[in-house]
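J.: Have a peek at entry.cif (mmCIF, C-alpha atoms).
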```
data_final
#
loop_
_atom_site.group_PDB
_atom_site.id
_atom_site.type_symbol
_atom_site.label_atom_id
_atom_site.label_comp_id
_atom_site.auth_asym_id
_atom_site.auth_seq_id
_atom_site.Cartn_x
_atom_site.Cartn_y
_atom_site.Cartn_z
ATOM 1 C CA SER A 217 38.690 26.709 -75.405
ATOM 2 C CA SER A 218 35.447 25.401 -76.885
ATOM 3 C CA VAL A 219 36.492 21.772 -76.376
ATOM 4 C CA PRO A 220 34.954 20.375 -73.167
ATOM 5 C CA SER A 221 37.455 19.317 -70.541
ATOM 6 C CA GLN A 222 37.508 15.782 -69.215
ATOM 7 C CA THR A 223 36.089 17.047 -65.928
ATOM 8 C CA GLN A 224 32.920 18.333 -67.663
ATOM 9 C CA VAL A 225 30.954 15.100 -67.575
ATOM 10 C CA GLY A 226 28.097 15.112 -70.064
ATOM 11 C CA ALA A 227 29.271 18.304 -71.738
ATOM 12 C CA LEU A 228 28.230 18.710 -75.345
ATOM 13 C CA PRO A 229 30.849 19.004 -78.079
ATOM 14 C CA SER A 230 31.461 22.434 -79.456
ATOM 15 C CA ALA A 231 29.774 23.609 -82.631
ATOM 16 C CA ALA A 232 33.051 22.919 -84.467
ATOM 17 C CA TYR A 233 32.423 19.174 -84.080
ATOM 18 C CA LEU A 234 28.856 19.229 -85.404
ATOM 19 C CA PRO A 235 29.748 19.122 -89.124
ATOM 20 C CA GLN A 236 32.021 16.110 -88.474
ATOM 21 C CA LEU A 237 29.251 14.389 -86.522
ATOM 22 C CA ALA A 238 26.760 15.065 -89.326
ATOM 23 C CA ARG A 239 29.213 13.666 -91.916
ATOM 24 C CA ALA A 240 29.784 10.534 -89.803
ATOM 25 C CA ARG A 241 26.031 9.944 -89.479
ATOM 26 C CA THR A 242 25.506 10.462 -93.208
ATOM 27 C CA CYS A 243 28.364 8.055 -93.946
ATOM 28 C CA ALA A 244 26.857 5.403 -91.643
ATOM 29 C CA ARG A 245 23.428 5.759 -93.315
ATOM 30 C CA THR A 246 25.011 5.581 -96.765
ATOM 31 C CA MET A 247 26.943 2.427 -95.843
ATOM 32 C CA SER A 248 23.791 0.797 -94.464
ATOM 33 C CA THR A 249 21.856 1.735 -97.599
ATOM 34 C CA SER A 250 24.707 0.463 -99.796
ATOM 35 C CA VAL A 251 24.709 -2.929 -98.060
ATOM 36 C CA ALA A 252 20.921 -3.275 -98.400
ATOM 37 C CA SER A 253 21.116 -2.159 -102.032
ATOM 38 C CA ALA A 254 23.863 -4.701 -102.795
ATOM 39 C CA GLN A 255 21.815 -7.426 -101.097
ATOM 40 C CA LYS A 256 18.815 -6.581 -103.264
ATOM 41 C CA ARG A 257 20.902 -6.879 -106.453
ATOM 42 C CA ASP A 258 22.330 -10.324 -105.585
ATOM 43 C CA PRO A 259 20.050 -12.997 -107.141
ATOM 44 C CA LYS A 260 21.488 -15.858 -105.071
ATOM 45 C CA LEU A 261 21.010 -13.935 -101.863
ATOM 46 C CA GLN A 262 17.471 -12.972 -102.878
ATOM 47 C CA ALA A 263 16.667 -16.626 -103.561
ATOM 48 C CA ARG A 264 17.959 -17.500 -100.085
ATOM 49 C CA PHE A 265 15.860 -14.719 -98.505
ATOM 50 C CA GLN A 266 12.751 -15.854 -100.384
ATOM 51 C CA ASP A 267 13.326 -19.464 -99.306
ATOM 52 C CA GLU A 268 13.551 -18.314 -95.695
ATOM 53 C CA LEU A 269 10.362 -16.244 -96.054
ATOM 54 C CA LYS A 270 8.562 -19.263 -97.564
ATOM 55 C CA ARG A 271 9.695 -21.321 -94.588
ATOM 56 C CA LEU A 272 8.557 -18.664 -92.108
ATOM 57 C CA ARG A 273 5.146 -18.251 -93.737
ATOM 58 C CA LYS A 274 4.376 -21.925 -93.096
ATOM 59 C CA LEU A 275 5.020 -21.669 -89.348
ATOM 60 C CA GLY A 276 2.049 -21.487 -86.964
ATOM 61 C CA ALA A 277 -0.071 -18.347 -87.271
ATOM 62 C CA ASN A 278 2.000 -17.150 -90.271
ATOM 63 C CA ALA A 279 0.148 -19.682 -92.445
ATOM 64 C CA ARG A 280 -3.020 -17.563 -92.070
ATOM 65 C CA CYS A 281 -3.447 -13.873 -92.866
ATOM 66 C CA ALA A 282 -2.630 -11.706 -89.834
ATOM 67 C CA ASP A 283 -5.781 -9.662 -90.402
ATOM 68 C CA CYS A 284 -8.558 -11.912 -91.767
ATOM 69 C CA GLU A 285 -7.093 -15.397 -91.231
ATOM 70 C CA ASP A 286 -7.403 -16.390 -94.904
ATOM 71 C CA GLY A 287 -5.109 -19.311 -95.680
ATOM 72 C CA ASP A 288 -3.178 -17.858 -98.625
ATOM 73 C CA THR A 289 -0.299 -15.770 -97.253
ATOM 74 C CA ARG A 290 1.764 -14.870 -100.313
ATOM 75 C CA PHE A 291 2.095 -11.231 -99.285
ATOM 76 C CA ALA A 292 3.551 -9.352 -96.348
ATOM 77 C CA SER A 293 4.019 -6.075 -94.534
ATOM 78 C CA ALA A 294 7.784 -5.640 -94.262
ATOM 79 C CA ASN A 295 7.775 -3.076 -91.459
ATOM 80 C CA LEU A 296 5.075 -4.824 -89.388
ATOM 81 C CA GLY A 297 6.649 -8.277 -89.848
ATOM 82 C CA ILE A 298 3.349 -9.965 -90.777
ATOM 83 C CA PHE A 299 2.110 -12.271 -93.526
ATOM 84 C CA LEU A 300 -1.034 -11.306 -95.467
ATOM 85 C CA CYS A 301 -3.544 -12.628 -97.978
ATOM 86 C CA ASN A 302 -4.075 -10.983 -101.373
ATOM 87 C CA ARG A 303 -7.072 -8.905 -100.279
ATOM 88 C CA CYS A 304 -5.470 -7.601 -97.081
ATOM 89 C CA TYR A 305 -2.263 -6.875 -99.017
ATOM 90 C CA GLY A 306 -4.258 -4.538 -101.263
ATOM 91 C CA LEU A 307 -5.977 -2.929 -98.285
ATOM 92 C CA HIS A 308 -2.618 -2.421 -96.564
ATOM 93 C CA ARG A 309 -1.381 -0.647 -99.687
ATOM 94 C CA ALA A 310 -4.383 1.670 -99.462
ATOM 95 C CA VAL A 311 -3.582 2.469 -95.801
ATOM 96 C CA GLY A 312 -0.272 3.946 -96.919
ATOM 97 C CA THR A 313 3.456 3.378 -96.542
ATOM 98 C CA HIS A 314 3.606 5.645 -93.503
ATOM 99 C CA VAL A 315 1.835 2.785 -91.658
ATOM 100 C CA THR A 316 2.576 -0.445 -93.552
ATOM 101 C CA LYS A 317 5.002 -1.352 -96.329
ATOM 102 C CA SER A 318 3.341 -4.148 -98.309
ATOM 103 C CA LYS A 319 5.340 -6.508 -100.498
ATOM 104 C CA VAL A 320 4.846 -9.652 -102.561
ATOM 105 C CA LEU A 321 6.881 -12.513 -101.076
ATOM 106 C CA ALA A 322 7.969 -14.065 -104.389
ATOM 107 C CA LEU A 323 8.381 -10.927 -106.515
ATOM 108 C CA ASP A 324 9.780 -8.129 -104.402
ATOM 109 C CA THR A 325 13.364 -7.832 -103.208
ATOM 110 C CA TRP A 326 14.254 -8.262 -99.552
ATOM 111 C CA SER A 327 17.034 -7.191 -97.224
ATOM 112 C CA GLU A 328 18.554 -9.360 -94.536
ATOM 113 C CA ALA A 329 17.127 -6.994 -91.911
ATOM 114 C CA GLU A 330 13.600 -7.422 -93.282
ATOM 115 C CA VAL A 331 13.848 -11.214 -93.238
ATOM 116 C CA ALA A 332 15.226 -11.111 -89.689
ATOM 117 C CA HIS A 333 12.301 -8.860 -88.709
ATOM 118 C CA PHE A 334 9.807 -11.488 -89.946
ATOM 119 C CA ALA A 335 11.642 -14.154 -87.951
ATOM 120 C CA ALA A 336 11.498 -11.968 -84.832
ATOM 121 C CA VAL A 337 7.867 -10.839 -85.150
ATOM 122 C CA GLY A 338 5.472 -12.928 -87.261
ATOM 123 C CA ASN A 339 1.675 -12.942 -87.125
ATOM 124 C CA GLU A 340 1.198 -14.374 -83.632
ATOM 125 C CA ARG A 341 3.522 -11.946 -81.902
ATOM 126 C CA ALA A 342 2.295 -8.959 -83.918
ATOM 127 C CA ASN A 343 -1.351 -9.742 -83.157
ATOM 128 C CA ALA A 344 -0.550 -10.259 -79.473
ATOM 129 C CA TYR A 345 0.584 -6.621 -79.467
ATOM 130 C CA PHE A 346 -1.807 -5.003 -81.957
ATOM 131 C CA LEU A 347 -4.906 -6.781 -80.587
ATOM 132 C CA ALA A 348 -4.040 -6.827 -76.867
ATOM 133 C CA LYS A 349 -6.955 -4.517 -76.036
ATOM 134 C CA LEU A 350 -9.489 -5.726 -78.583
ATOM 135 C CA PRO A 351 -12.811 -5.353 -76.740
ATOM 136 C CA GLU A 352 -14.343 -8.607 -75.579
ATOM 137 C CA GLY A 353 -17.029 -9.678 -78.014
ATOM 138 C CA GLN A 354 -15.637 -7.631 -80.925
ATOM 139 C CA GLU A 355 -14.907 -10.025 -83.744
ATOM 140 C CA ARG A 356 -11.922 -9.798 -86.003
ATOM 141 C CA PRO A 357 -12.650 -9.766 -89.718
ATOM 142 C CA GLY A 358 -12.725 -13.083 -91.540
ATOM 143 C CA PRO A 359 -12.159 -14.081 -95.173
ATOM 144 C CA GLN A 360 -15.836 -13.364 -95.942
ATOM 145 C CA THR A 361 -15.939 -9.910 -94.277
ATOM 146 C CA SER A 362 -16.547 -7.016 -96.684
ATOM 147 C CA ASP A 363 -13.523 -5.031 -97.877
ATOM 148 C CA GLN A 364 -14.987 -1.887 -96.307
ATOM 149 C CA LYS A 365 -15.207 -3.498 -92.854
ATOM 150 C CA VAL A 366 -11.712 -4.954 -93.139
ATOM 151 C CA ALA A 367 -10.329 -1.556 -94.221
ATOM 152 C CA TYR A 368 -11.974 0.085 -91.207
ATOM 153 C CA PHE A 369 -10.516 -2.599 -88.932
ATOM 154 C CA LEU A 370 -7.015 -2.156 -90.424
ATOM 155 C CA HIS A 371 -7.205 1.590 -89.809
ATOM 156 C CA ALA A 372 -8.238 0.990 -86.182
ATOM 157 C CA LYS A 373 -5.626 -1.741 -85.682
ATOM 158 C CA TYR A 374 -2.536 -0.197 -87.273
ATOM 159 C CA GLU A 375 -3.008 3.517 -87.889
ATOM 160 C CA ALA A 376 -5.165 4.549 -84.903
ATOM 161 C CA ARG A 377 -3.729 1.715 -82.769
ATOM 162 C CA ARG A 378 -7.000 1.398 -80.857
ATOM 163 C CA PHE A 379 -6.345 -2.151 -79.645
ATOM 164 C CA CYS A 380 -2.579 -2.027 -78.961
ATOM 165 C CA ALA A 381 -0.847 -2.988 -75.771
ATOM 166 C CA ASP A 382 0.645 -0.072 -73.857
ATOM 167 C CA GLY A 383 4.070 1.104 -74.910
ATOM 168 C CA PRO A 384 6.033 0.370 -78.058
ATOM 169 C CA PRO A 385 5.936 -3.052 -79.691
ATOM 170 C CA PRO A 386 8.365 -5.427 -77.961
ATOM 171 C CA TRP A 387 10.405 -5.829 -81.154
ATOM 172 C CA GLU A 388 11.098 -2.077 -81.460
ATOM 173 C CA ALA A 389 13.672 -0.065 -79.536
ATOM 174 C CA GLY A 390 12.293 0.641 -76.086
ATOM 175 C CA GLY A 391 9.937 -2.336 -76.116
ATOM 176 C CA VAL A 392 10.254 -5.098 -73.548
ATOM 177 C CA LEU A 393 10.918 -8.559 -74.952
ATOM 178 C CA GLN A 394 9.275 -11.418 -73.111
ATOM 179 C CA ARG A 395 11.861 -13.684 -71.508
ATOM 180 C CA ASP A 396 9.647 -16.781 -71.764
ATOM 181 C CA GLU A 397 9.160 -17.081 -75.516
ATOM 182 C CA THR A 398 7.374 -20.426 -75.063
ATOM 183 C CA ALA A 399 4.380 -18.905 -73.248
ATOM 184 C CA SER A 400 1.457 -18.174 -75.521
ATOM 185 C CA PRO A 401 0.219 -14.548 -75.700
ATOM 186 C CA SER A 402 -3.126 -15.587 -74.179
ATOM 187 C CA GLN A 403 -1.428 -16.889 -71.024
ATOM 188 C CA GLY A 404 -0.254 -13.436 -70.000
ATOM 189 C CA SER A 405 2.190 -12.873 -67.181
ATOM 190 C CA ALA A 406 1.780 -13.081 -63.465
ATOM 191 C CA SER A 407 3.140 -9.628 -62.686
#
```
Can you dump the structure from the file as structure tokens?

T.:
Amino acid sequence: SSVPSQTQVGALPSAAYLPQLARARTCARTMSTSVASAQKRDPKLQARFQDELKRLRKLGANARCADCEDGDTRFASANLGIFLCNRCYGLHRAVGTHVTKSKVLALDTWSEAEVAHFAAVGNERANAYFLAKLPEGQERPGPQTSDQKVAYFLHAKYEARRFCADGPPPWEAGGVLQRDETASPSQGSAS
């Protein structure tokens, strides 16, 4: 028989089960997409999500652009979980959606998962990861830095990941979440 016996620990299912497995995975993806799509069509839910994003953007480092520290954070990168200024929003769009998915806080639609991602990550936590190995003496761009220099920095920071901590970001699968969330990123750990 092609069905593994109970004594075959770790045995793979026979090829006969693969179409069923593929259908189950497709169904799960479709259900997830349907929920997100329904959320994006619900105006009351969108208003609630936007209110939560407005609240989050006022907290700590989120009030300043994650990349140049400008004070007007009306934009965001949904997959990176960071708040951005207008200029950096445009530069993120130029980097490409394979790296950063830029959105306008008040105009675009949001899913519950995206809002939860902003609550989990935010500018301080993201920069603690993406700038962990920024060479001493190398300055981050500021609001007055040229677009060309900021674009180069964004490429190095997000696409090339030149300054990242080792391993995956702590908010992604496989990353290690810090147990002491009250410690600032500059304090480090005593390991």

J.: Counting only C-alpha atoms, what is within 12 Å of Arg303 in chain A, bar same-chain residues fewer than 2 positions away, as a PyMOL selection string?

T.: chain A and resi 281-292+299-301+305-310+318+357-364+366-367+370

J.: Please provide the set of residues having any atom within 6 Å of range 348-356 of chain A, restricted to only C-alpha atoms, with same-chain residues fewer than 3 positions apart removed, written as a list of chain:residue names.

T.: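 Using only C-alpha atoms, the neighbours found are A:Ala344, A:Tyr345, A:Phe379, A:Cys380, A:Ala381.
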
J.: Using only C-alpha atoms, find the one residue out of A:Ser293, A:Lys270, A:Ile298, A:Glu388 that sits nearest to Ala342 in chain A.

T.: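 Answer, going by the shortest atom-to-atom distance: A:Ile298.
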
J.: May I ask which of the residues A:Lys365, A:Asn295, A:Val311, A:Lys317 is the closest one to Ala332 in chain A, counting only C-alpha atoms?

T.: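 Counting only C-alpha atoms, the residue closest to Ala332 in chain A is A:Asn295.
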
J.: How many Å separate CA of Ala277 in chain A from CA of Gln255 in chain A?

T.: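 Atom-to-atom, CA of Ala277 in chain A and CA of Gln255 in chain A are spaced 28.1 Å apart.
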
J.: To one decimal place, how far is CA of Asp382 in chain A from CA of Glu330 in chain A in Å?

T.: 24.5 Å

J.: Which neighbours of range 371-376 of chain A fall inside 8 Å, counting all atoms listed in the file, when residues of the same chain fewer than 5 positions from it are skipped, and could you give them as a PDB file with C-alpha atoms, keeping the file's coordinate frame?

T.:
```pdb
ATOM      1  CA  VAL A 311      -3.582   2.469 -95.801  1.00  0.00           C
ATOM      2  CA  VAL A 315       1.835   2.785 -91.658  1.00  0.00           C
ATOM      3  CA  PHE A 346      -1.807  -5.003 -81.957  1.00  0.00           C
ATOM      4  CA  LEU A 347      -4.906  -6.781 -80.587  1.00  0.00           C
TER       5      LEU A 347
END
```

J.: State, in Å with one decimal place, the distance from CA of Lys274 in chain A to CA of Thr313 in chain A.

T.: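 Separation between CA of Lys274 in chain A and CA of Thr313 in chain A: 25.6 Å.
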
J.: Using all atoms listed in the file, find the one residue out of A:Ala335, A:Gly312, A:Arg271, A:Asn343 that sits nearest to Arg377 in chain A.

T.: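 Going through A:Ala335, A:Gly312, A:Arg271, A:Asn343 one by one, the smallest distance to Arg377 in chain A is for A:Asn343.
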
J.: For the structure provided, state which residues fall under the PyMOL selection byres ((chain A and resi 322) around 10), and present them as a list of chain:residue names.

T.: A:Gln262, A:Ala263, A:Phe265, A:Gln266, A:Asp267, A:Leu269, A:Lys270, A:Arg290, A:Phe291, A:Lys319, A:Val320, A:Leu321, A:Leu323, A:Asp324, A:Thr325, A:Trp326
